[in-house]
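Engineer: The structure follows.
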Amino acid sequence: MSDDSTATTTVDSADFCEAKILFRQLKPFPAIDENNNYKIDTQHFLESSNQIIDAIACFGKLFSPIVRDMRQNVQKITNKYKQNEALFSCLEDLILKDKDGNDIPFDTVTDGLLWLKRGFEMIEMFFRSILEDAACSEQIKPHLKKAYEQCLLPFHGFLAQKAFQLLQMYMPTRSSLVGTPDTNGDNMKALEEFLVLFRANLTHLNDFYSKHDLHRTYKA
């Protein structure tokens, strides 16, 4: 009995270790419903953001500039949230209070969330493309390229574009990132579930930024 249990544990561990990212271990983004007045819980959003950024770090060391930029934007929001956790318990209230309380209507926190949202939109589209790739192609660079061109390219200047072209050359394979096709069924199911709330939060933030005229199109 003990030997069988040990053997099973060893096999299961090997299967799971094939994937760099285990989506079932990530904290889903907050639900947006009547329980929170159809707003995004700030602390929950920050916790989920940090976990997905940790997952992006698995892409490799060359992606550290992107990871660092995302972490800095999360930190901007966190610093604001820590000033008054009760007042800023909802992300929308944090941004609106931030906007109303400054002579400059578009400050670093609002800007930080905007860039974080754009980066997350690229990541969400990238993972969705992997999920929907029926061929399970090992080369996932085309998925990242497509997501980048739609989500970040319009806001990047020449240097940022060239830097990203270099990063795409060093993408890991599908199997190393999410697991091999014959062992990653549960991981793909977990990814599918994770993307539901991830996409819902991004859509909600897009609508919020449009409603309050917070979108900016300058190039980085």
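Each chain of the structure tokens is named A, B, ... in the order shown, its residues numbered from 1; ligands are numbered from 1 in display order.
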Show me, as a list in words, the residues that have an atom within 12 Å of Leu167 (chain A) when counting only C-alpha atoms, minus same-chain residues fewer than 2 positions from it.
Structural biologist: Phe59, Gly60, Lys61, Leu62, Phe63, Ser64, Pro65, Ile66, Lys141, Leu144, Lys145, Tyr148, Ala160, Gln161, Lys162, Ala163, Phe164, Gln165, Met169, Tyr170, Met171 and Pro172 of chain A
Engineer: Print the selection's residues with N, CA, C and O atoms to a file, as an mmCIF file, in the first residue's frame.
Structural biologist:
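Once written, result-v7.cif looks like this:
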```
data_model
loop_
_atom_site.group_PDB
_atom_site.id
_atom_site.type_symbol
_atom_site.label_atom_id
_atom_site.label_comp_id
_atom_site.auth_asym_id
_atom_site.auth_seq_id
_atom_site.Cartn_x
_atom_site.Cartn_y
_atom_site.Cartn_z
ATOM 1 N N PHE A 59 8.893 32.794 -18.420
ATOM 2 C CA PHE A 59 9.230 32.855 -19.836
ATOM 3 C C PHE A 59 10.740 32.889 -20.050
ATOM 4 O O PHE A 59 11.235 32.522 -21.098
ATOM 5 N N GLY A 60 11.474 33.370 -19.070
ATOM 6 C CA GLY A 60 12.927 33.427 -19.174
ATOM 7 C C GLY A 60 13.479 34.761 -18.705
ATOM 8 O O GLY A 60 12.752 35.745 -18.549
ATOM 9 N N LYS A 61 14.809 34.785 -18.478
ATOM 10 C CA LYS A 61 15.457 35.974 -17.926
ATOM 11 C C LYS A 61 15.357 37.182 -18.844
ATOM 12 O O LYS A 61 15.329 38.320 -18.380
ATOM 13 N N LEU A 62 15.306 36.952 -20.145
ATOM 14 C CA LEU A 62 15.238 38.082 -21.062
ATOM 15 C C LEU A 62 13.918 38.844 -20.934
ATOM 16 O O LEU A 62 13.812 39.971 -21.412
ATOM 17 N N PHE A 63 12.943 38.223 -20.300
ATOM 18 C CA PHE A 63 11.661 38.896 -20.108
ATOM 19 C C PHE A 63 11.631 39.716 -18.826
ATOM 20 O O PHE A 63 10.606 40.298 -18.479
ATOM 21 N N SER A 64 12.765 39.769 -18.132
ATOM 22 C CA SER A 64 12.812 40.496 -16.863
ATOM 23 C C SER A 64 12.442 41.974 -17.002
ATOM 24 O O SER A 64 11.825 42.532 -16.078
ATOM 25 N N PRO A 65 12.771 42.669 -18.110
ATOM 26 C CA PRO A 65 12.330 44.069 -18.222
ATOM 27 C C PRO A 65 10.804 44.206 -18.220
ATOM 28 O O PRO A 65 10.263 45.135 -17.616
ATOM 29 N N ILE A 66 10.120 43.280 -18.892
ATOM 30 C CA ILE A 66 8.660 43.313 -18.917
ATOM 31 C C ILE A 66 8.107 43.012 -17.530
ATOM 32 O O ILE A 66 7.195 43.694 -17.044
ATOM 33 N N LYS A 141 5.867 31.249 -30.409
ATOM 34 C CA LYS A 141 6.240 32.627 -30.751
ATOM 35 C C LYS A 141 5.166 33.328 -31.586
ATOM 36 O O LYS A 141 4.894 34.523 -31.349
ATOM 37 N N LEU A 144 2.547 34.856 -29.333
ATOM 38 C CA LEU A 144 2.996 36.062 -28.633
ATOM 39 C C LEU A 144 3.082 37.235 -29.598
ATOM 40 O O LEU A 144 2.702 38.359 -29.257
ATOM 41 N N LYS A 145 3.578 36.983 -30.798
ATOM 42 C CA LYS A 145 3.709 38.042 -31.802
ATOM 43 C C LYS A 145 2.340 38.654 -32.127
ATOM 44 O O LYS A 145 2.187 39.882 -32.168
ATOM 45 N N TYR A 148 1.089 40.648 -29.110
ATOM 46 C CA TYR A 148 1.847 41.902 -28.971
ATOM 47 C C TYR A 148 1.370 42.932 -29.999
ATOM 48 O O TYR A 148 1.155 44.102 -29.664
ATOM 49 N N ALA A 160 11.199 50.281 -28.221
ATOM 50 C CA ALA A 160 10.413 49.269 -27.513
ATOM 51 C C ALA A 160 10.019 48.134 -28.449
ATOM 52 O O ALA A 160 10.034 46.955 -28.075
ATOM 53 N N GLN A 161 9.718 48.478 -29.698
ATOM 54 C CA GLN A 161 9.357 47.453 -30.682
ATOM 55 C C GLN A 161 10.534 46.536 -30.963
ATOM 56 O O GLN A 161 10.385 45.308 -31.033
ATOM 57 N N LYS A 162 11.713 47.109 -31.138
ATOM 58 C CA LYS A 162 12.900 46.307 -31.416
ATOM 59 C C LYS A 162 13.243 45.405 -30.230
ATOM 60 O O LYS A 162 13.658 44.253 -30.407
ATOM 61 N N ALA A 163 13.077 45.923 -29.035
ATOM 62 C CA ALA A 163 13.366 45.132 -27.840
ATOM 63 C C ALA A 163 12.431 43.931 -27.761
ATOM 64 O O ALA A 163 12.854 42.816 -27.419
ATOM 65 N N PHE A 164 11.182 44.137 -28.124
ATOM 66 C CA PHE A 164 10.234 43.039 -28.048
ATOM 67 C C PHE A 164 10.488 42.013 -29.146
ATOM 68 O O PHE A 164 10.293 40.810 -28.937
ATOM 69 N N GLN A 165 10.933 42.454 -30.296
ATOM 70 C CA GLN A 165 11.273 41.513 -31.361
ATOM 71 C C GLN A 165 12.381 40.572 -30.913
ATOM 72 O O GLN A 165 12.375 39.379 -31.239
ATOM 73 N N MET A 169 12.346 35.883 -29.822
ATOM 74 C CA MET A 169 13.256 34.855 -30.311
ATOM 75 C C MET A 169 13.597 33.838 -29.227
ATOM 76 O O MET A 169 14.095 32.753 -29.520
ATOM 77 N N TYR A 170 13.337 34.168 -27.984
ATOM 78 C CA TYR A 170 13.754 33.314 -26.876
ATOM 79 C C TYR A 170 12.572 32.748 -26.090
ATOM 80 O O TYR A 170 12.712 32.396 -24.929
ATOM 81 N N MET A 171 11.426 32.625 -26.751
ATOM 82 C CA MET A 171 10.268 32.042 -26.089
ATOM 83 C C MET A 171 10.483 30.556 -25.842
ATOM 84 O O MET A 171 11.061 29.858 -26.671
ATOM 85 N N PRO A 172 10.042 30.048 -24.688
ATOM 86 C CA PRO A 172 10.113 28.603 -24.448
ATOM 87 C C PRO A 172 9.128 27.870 -25.356
ATOM 88 O O PRO A 172 8.293 28.496 -26.027
#
```
Engineer: Within 12 Å of Glu193 (chain A), counting only C-alpha atoms, which residues qualify if same-chain residues fewer than 5 places away don't, as a PyMOL selection string?
Structural biologist: chain A and resi 23-29+127-128+131+186-188+198-200
Engineer: Save the residues we just selected, N, CA and C atoms, as a short mmCIF file (atom, residue, chain, number, x, y, z; two decimals), in the first residue's frame?
Structural biologist:
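Okay, part-v3.cif is ready:
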```
data_model
loop_
_atom_site.label_atom_id
_atom_site.label_comp_id
_atom_site.auth_asym_id
_atom_site.auth_seq_id
_atom_site.Cartn_x
_atom_site.Cartn_y
_atom_site.Cartn_z
N PHE A 23 -1.64 26.59 -13.76
CA PHE A 23 -2.71 27.59 -13.66
C PHE A 23 -3.65 27.35 -12.49
N ARG A 24 -3.77 26.12 -12.04
CA ARG A 24 -4.65 25.86 -10.91
C ARG A 24 -4.07 26.41 -9.61
N GLN A 25 -2.78 26.70 -9.62
CA GLN A 25 -2.14 27.27 -8.43
C GLN A 25 -2.23 28.79 -8.40
N LEU A 26 -2.66 29.39 -9.49
CA LEU A 26 -2.78 30.84 -9.54
C LEU A 26 -4.12 31.29 -8.94
N LYS A 27 -4.10 32.39 -8.24
CA LYS A 27 -5.34 32.93 -7.67
C LYS A 27 -6.14 33.61 -8.77
N PRO A 28 -7.36 33.16 -9.03
CA PRO A 28 -8.17 33.79 -10.09
C PRO A 28 -8.41 35.26 -9.79
N PHE A 29 -8.60 36.04 -10.84
CA PHE A 29 -8.93 37.45 -10.65
C PHE A 29 -10.32 37.56 -10.03
N PHE A 127 -2.18 33.54 -23.97
CA PHE A 127 -2.60 32.27 -23.38
C PHE A 127 -3.85 31.72 -24.05
N ARG A 128 -4.76 32.59 -24.45
CA ARG A 128 -5.97 32.13 -25.12
C ARG A 128 -5.63 31.50 -26.47
N LEU A 131 -4.39 28.08 -25.84
CA LEU A 131 -5.52 27.23 -25.47
C LEU A 131 -6.31 26.80 -26.70
N ASP A 186 -5.37 18.72 -17.48
CA ASP A 186 -5.88 19.47 -16.33
C ASP A 186 -5.36 20.90 -16.32
N ASN A 187 -4.11 21.09 -16.76
CA ASN A 187 -3.53 22.43 -16.78
C ASN A 187 -4.26 23.30 -17.80
N MET A 188 -4.63 22.72 -18.94
CA MET A 188 -5.37 23.47 -19.96
C MET A 188 -6.78 23.80 -19.47
N PHE A 198 -10.05 36.61 -15.78
CA PHE A 198 -8.98 37.49 -16.27
C PHE A 198 -9.53 38.40 -17.35
N ARG A 199 -10.23 37.82 -18.33
CA ARG A 199 -10.81 38.60 -19.43
C ARG A 199 -11.89 39.54 -18.91
N ALA A 200 -12.70 39.08 -17.96
CA ALA A 200 -13.78 39.91 -17.43
C ALA A 200 -13.23 41.16 -16.74
#
```
Engineer: With only C-alpha atoms as the basis for distance, which of A:Val196, A:Ile130, A:Leu214, A:Met122 is at the shortest distance from Arg174 (chain A)?
Structural biologist: A:Ile130
Engineer: Could you name the residues that touch Val67 (chain A) at 7 Å or less, counting only C-alpha atoms, but leaving out those on the same chain fewer than 3 positions away, as a ChimeraX atom specification?
Structural biologist: /A:53,56-57,63-64,70-71
Engineer: Would you work out the distance separating CA of Glu92 (chain A) from CA of Leu113 (chain A), expressed in Å to one decimal?
Structural biologist: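 Distance between the two atoms: 10.6 Å.
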Engineer: Please determine, counting only C-alpha atoms, which residue among A:Leu177, A:Leu114, A:Ala134, A:Leu46 has the shortest atom-to-atom distance to Asn206 (chain A).
Structural biologist: A:Leu114
Engineer: Separation of CA of Thr173 (chain A) and CA of Glu138 (chain A), in Å?
Structural biologist: 5.2 Å
Engineer: Figure out the distance between CA of Asp41 (chain A) and CA of Glu85 (chain A), please, to one decimal in Å.
Structural biologist: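 For CA of Glu85 (chain A) relative to CA of Asp41 (chain A), the distance reads 10.8 Å.
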Engineer: Write out as a ChimeraX atom specification which residues come within 12 Å of Phe208 (chain A) when counting only C-alpha atoms, dropping same-chain ones fewer than 6 positions away.
Structural biologist: /A:38-40,91-93,95-96,110,113-114,117,201-202,214-215
Engineer: What would the file look like if the residues just selected were written as a compact mmCIF listing (two decimals), in the first residue's frame with all heavy atoms?
Structural biologist:
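Just written: result_7.txt:
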```
# COMPACT_ATOMS: atom_id res chain seq x y z
N TYR A 38 -20.46 45.53 -8.27
CA TYR A 38 -19.97 45.44 -9.64
C TYR A 38 -18.68 46.23 -9.85
O TYR A 38 -18.47 46.86 -10.88
CB TYR A 38 -21.05 45.89 -10.62
CG TYR A 38 -22.25 44.97 -10.60
CD1 TYR A 38 -23.38 45.29 -9.85
CD2 TYR A 38 -22.24 43.76 -11.29
CE1 TYR A 38 -24.48 44.44 -9.80
CE2 TYR A 38 -23.34 42.90 -11.24
CZ TYR A 38 -24.45 43.24 -10.49
OH TYR A 38 -25.52 42.39 -10.44
N LYS A 39 -17.84 46.18 -8.83
CA LYS A 39 -16.52 46.80 -8.90
C LYS A 39 -15.45 45.75 -8.62
O LYS A 39 -15.75 44.64 -8.18
CB LYS A 39 -16.40 47.95 -7.90
CG LYS A 39 -17.31 49.14 -8.20
CD LYS A 39 -17.15 50.24 -7.16
CE LYS A 39 -18.05 51.43 -7.46
NZ LYS A 39 -17.89 52.51 -6.45
N ILE A 40 -14.19 46.11 -8.87
CA ILE A 40 -13.07 45.19 -8.69
C ILE A 40 -12.47 45.39 -7.31
O ILE A 40 -12.09 46.51 -6.94
CB ILE A 40 -11.99 45.42 -9.77
CG1 ILE A 40 -12.55 45.09 -11.15
CG2 ILE A 40 -10.75 44.58 -9.49
CD1 ILE A 40 -11.59 45.40 -12.29
N LEU A 91 -11.03 49.10 -6.86
CA LEU A 91 -10.03 49.67 -7.76
C LEU A 91 -10.55 50.92 -8.48
O LEU A 91 -9.82 51.89 -8.66
CB LEU A 91 -9.62 48.61 -8.79
CG LEU A 91 -8.39 48.86 -9.64
CD1 LEU A 91 -7.16 49.13 -8.77
CD2 LEU A 91 -8.12 47.66 -10.56
N GLU A 92 -11.82 50.90 -8.86
CA GLU A 92 -12.38 52.05 -9.55
C GLU A 92 -12.39 53.29 -8.65
O GLU A 92 -12.11 54.40 -9.12
CB GLU A 92 -13.81 51.74 -10.01
CG GLU A 92 -13.92 50.60 -11.01
CD GLU A 92 -14.03 49.24 -10.33
OE1 GLU A 92 -13.67 49.12 -9.13
OE2 GLU A 92 -14.48 48.30 -10.99
N ASP A 93 -12.70 53.10 -7.38
CA ASP A 93 -12.71 54.22 -6.45
C ASP A 93 -11.31 54.77 -6.24
O ASP A 93 -11.11 55.98 -6.12
CB ASP A 93 -13.31 53.80 -5.10
CG ASP A 93 -14.77 53.42 -5.21
OD1 ASP A 93 -15.44 53.92 -6.15
OD2 ASP A 93 -15.25 52.64 -4.38
N ILE A 95 -8.93 54.82 -8.44
CA ILE A 95 -8.56 55.61 -9.61
C ILE A 95 -9.33 56.93 -9.65
O ILE A 95 -8.75 57.99 -9.92
CB ILE A 95 -8.82 54.81 -10.91
CG1 ILE A 95 -7.90 53.59 -10.97
CG2 ILE A 95 -8.62 55.69 -12.14
CD1 ILE A 95 -6.43 53.93 -10.96
N LEU A 96 -10.62 56.90 -9.36
CA LEU A 96 -11.41 58.13 -9.41
C LEU A 96 -11.00 59.11 -8.32
O LEU A 96 -10.91 60.32 -8.57
CB LEU A 96 -12.90 57.80 -9.29
CG LEU A 96 -13.52 57.08 -10.50
CD1 LEU A 96 -14.99 56.80 -10.24
CD2 LEU A 96 -13.34 57.91 -11.77
N THR A 110 -2.97 56.13 -12.22
CA THR A 110 -3.89 55.88 -13.33
C THR A 110 -3.13 55.40 -14.55
O THR A 110 -3.56 54.48 -15.25
CB THR A 110 -4.67 57.17 -13.66
OG1 THR A 110 -5.30 57.66 -12.48
CG2 THR A 110 -5.72 56.91 -14.72
N LEU A 113 -1.92 51.70 -14.00
CA LEU A 113 -2.95 50.70 -14.23
C LEU A 113 -3.24 50.55 -15.72
O LEU A 113 -3.50 49.44 -16.20
CB LEU A 113 -4.22 51.07 -13.47
CG LEU A 113 -5.39 50.10 -13.62
CD1 LEU A 113 -5.01 48.70 -13.17
CD2 LEU A 113 -6.62 50.59 -12.84
N LEU A 114 -3.19 51.66 -16.45
CA LEU A 114 -3.42 51.61 -17.89
C LEU A 114 -2.39 50.71 -18.58
O LEU A 114 -2.74 49.84 -19.39
CB LEU A 114 -3.37 53.02 -18.49
CG LEU A 114 -3.51 53.13 -20.00
CD1 LEU A 114 -4.86 52.61 -20.47
CD2 LEU A 114 -3.31 54.58 -20.46
N LYS A 117 -2.84 47.05 -17.55
CA LYS A 117 -3.96 46.48 -18.29
C LYS A 117 -3.53 46.08 -19.70
O LYS A 117 -3.87 45.00 -20.18
CB LYS A 117 -5.12 47.47 -18.34
CG LYS A 117 -6.32 47.01 -19.17
CD LYS A 117 -7.31 48.12 -19.38
CE LYS A 117 -6.77 49.21 -20.28
NZ LYS A 117 -6.57 48.72 -21.70
N ASN A 201 -12.13 41.01 -16.01
CA ASN A 201 -11.51 42.17 -15.35
C ASN A 201 -10.96 43.15 -16.37
O ASN A 201 -11.11 44.37 -16.22
CB ASN A 201 -10.39 41.71 -14.42
CG ASN A 201 -10.88 41.29 -13.05
OD1 ASN A 201 -10.61 41.94 -12.04
ND2 ASN A 201 -11.60 40.17 -13.00
N LEU A 202 -10.33 42.65 -17.42
CA LEU A 202 -9.76 43.53 -18.44
C LEU A 202 -10.84 44.27 -19.21
O LEU A 202 -10.71 45.46 -19.50
CB LEU A 202 -8.88 42.70 -19.39
CG LEU A 202 -7.65 42.06 -18.74
CD1 LEU A 202 -6.94 41.12 -19.72
CD2 LEU A 202 -6.69 43.12 -18.22
N LEU A 214 -10.08 58.10 -19.61
CA LEU A 214 -8.77 57.90 -19.00
C LEU A 214 -7.76 57.25 -19.94
O LEU A 214 -6.59 57.11 -19.59
CB LEU A 214 -8.91 57.04 -17.73
CG LEU A 214 -9.75 57.66 -16.61
CD1 LEU A 214 -9.92 56.66 -15.47
CD2 LEU A 214 -9.11 58.95 -16.10
N HIS A 215 -8.21 56.83 -21.11
CA HIS A 215 -7.29 56.22 -22.07
C HIS A 215 -6.33 57.28 -22.60
O HIS A 215 -6.71 58.41 -22.86
CB HIS A 215 -8.05 55.60 -23.25
CG HIS A 215 -8.69 54.30 -22.91
ND1 HIS A 215 -7.99 53.15 -22.62
CD2 HIS A 215 -10.01 53.96 -22.81
CE1 HIS A 215 -8.82 52.16 -22.37
NE2 HIS A 215 -10.05 52.62 -22.47
```
Engineer: I'd like to know which of A:Glu192, A:Glu121, A:Asp213, A:Asp111 is closest to Glu149 (chain A), using only C-alpha atoms.
Structural biologist: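 Smallest distance to Glu149 (chain A) is found for A:Glu121.
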Engineer: Might you pull out every residue within 6 Å of region 216-219 of chain A, with only C-alpha atoms counted and same-chain residues fewer than 5 positions away left off, and present them as a list in words?
Structural biologist: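 With the cut-off at 6 Å, the set is Phe155, His156 and Gly157 of chain A.
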Engineer: Deliver the residues from the most recent selection as a file, using C-alpha atoms, as an mmCIF file, in the first residue's frame.
Structural biologist:
```
data_model
loop_
_atom_site.group_PDB
_atom_site.id
_atom_site.type_symbol
_atom_site.label_atom_id
_atom_site.label_comp_id
_atom_site.auth_asym_id
_atom_site.auth_seq_id
_atom_site.Cartn_x
_atom_site.Cartn_y
_atom_site.Cartn_z
ATOM 1 C CA PHE A 155 1.657 52.179 -27.950
ATOM 2 C CA HIS A 156 5.337 51.323 -28.445
ATOM 3 C CA GLY A 157 7.952 53.467 -30.115
#
```
Engineer: Give the helix (DSSP H, G or I) residues of region 14-63 of chain A, as DSSP finds them on the backbone, and put them as number ranges by chain.
Structural biologist: A: 14-17, 23-25, 34-36, 42-59, 61-63
Engineer: Taking only C-alpha atoms into account, name the residue in A:Ser129, A:Asn73, A:Asn79, A:Asn84 that is nearest to Leu191 (chain A).
Structural biologist: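 Answer, going by the shortest atom-to-atom distance: A:Ser129.
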Engineer: Which one of A:Asn36, A:Phe120, A:Lys82, A:Ala19 sits closest to Asn50 (chain A) if you count only C-alpha atoms?
Structural biologist: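 Result for the nearest residue to Asn50 (chain A): A:Phe120.
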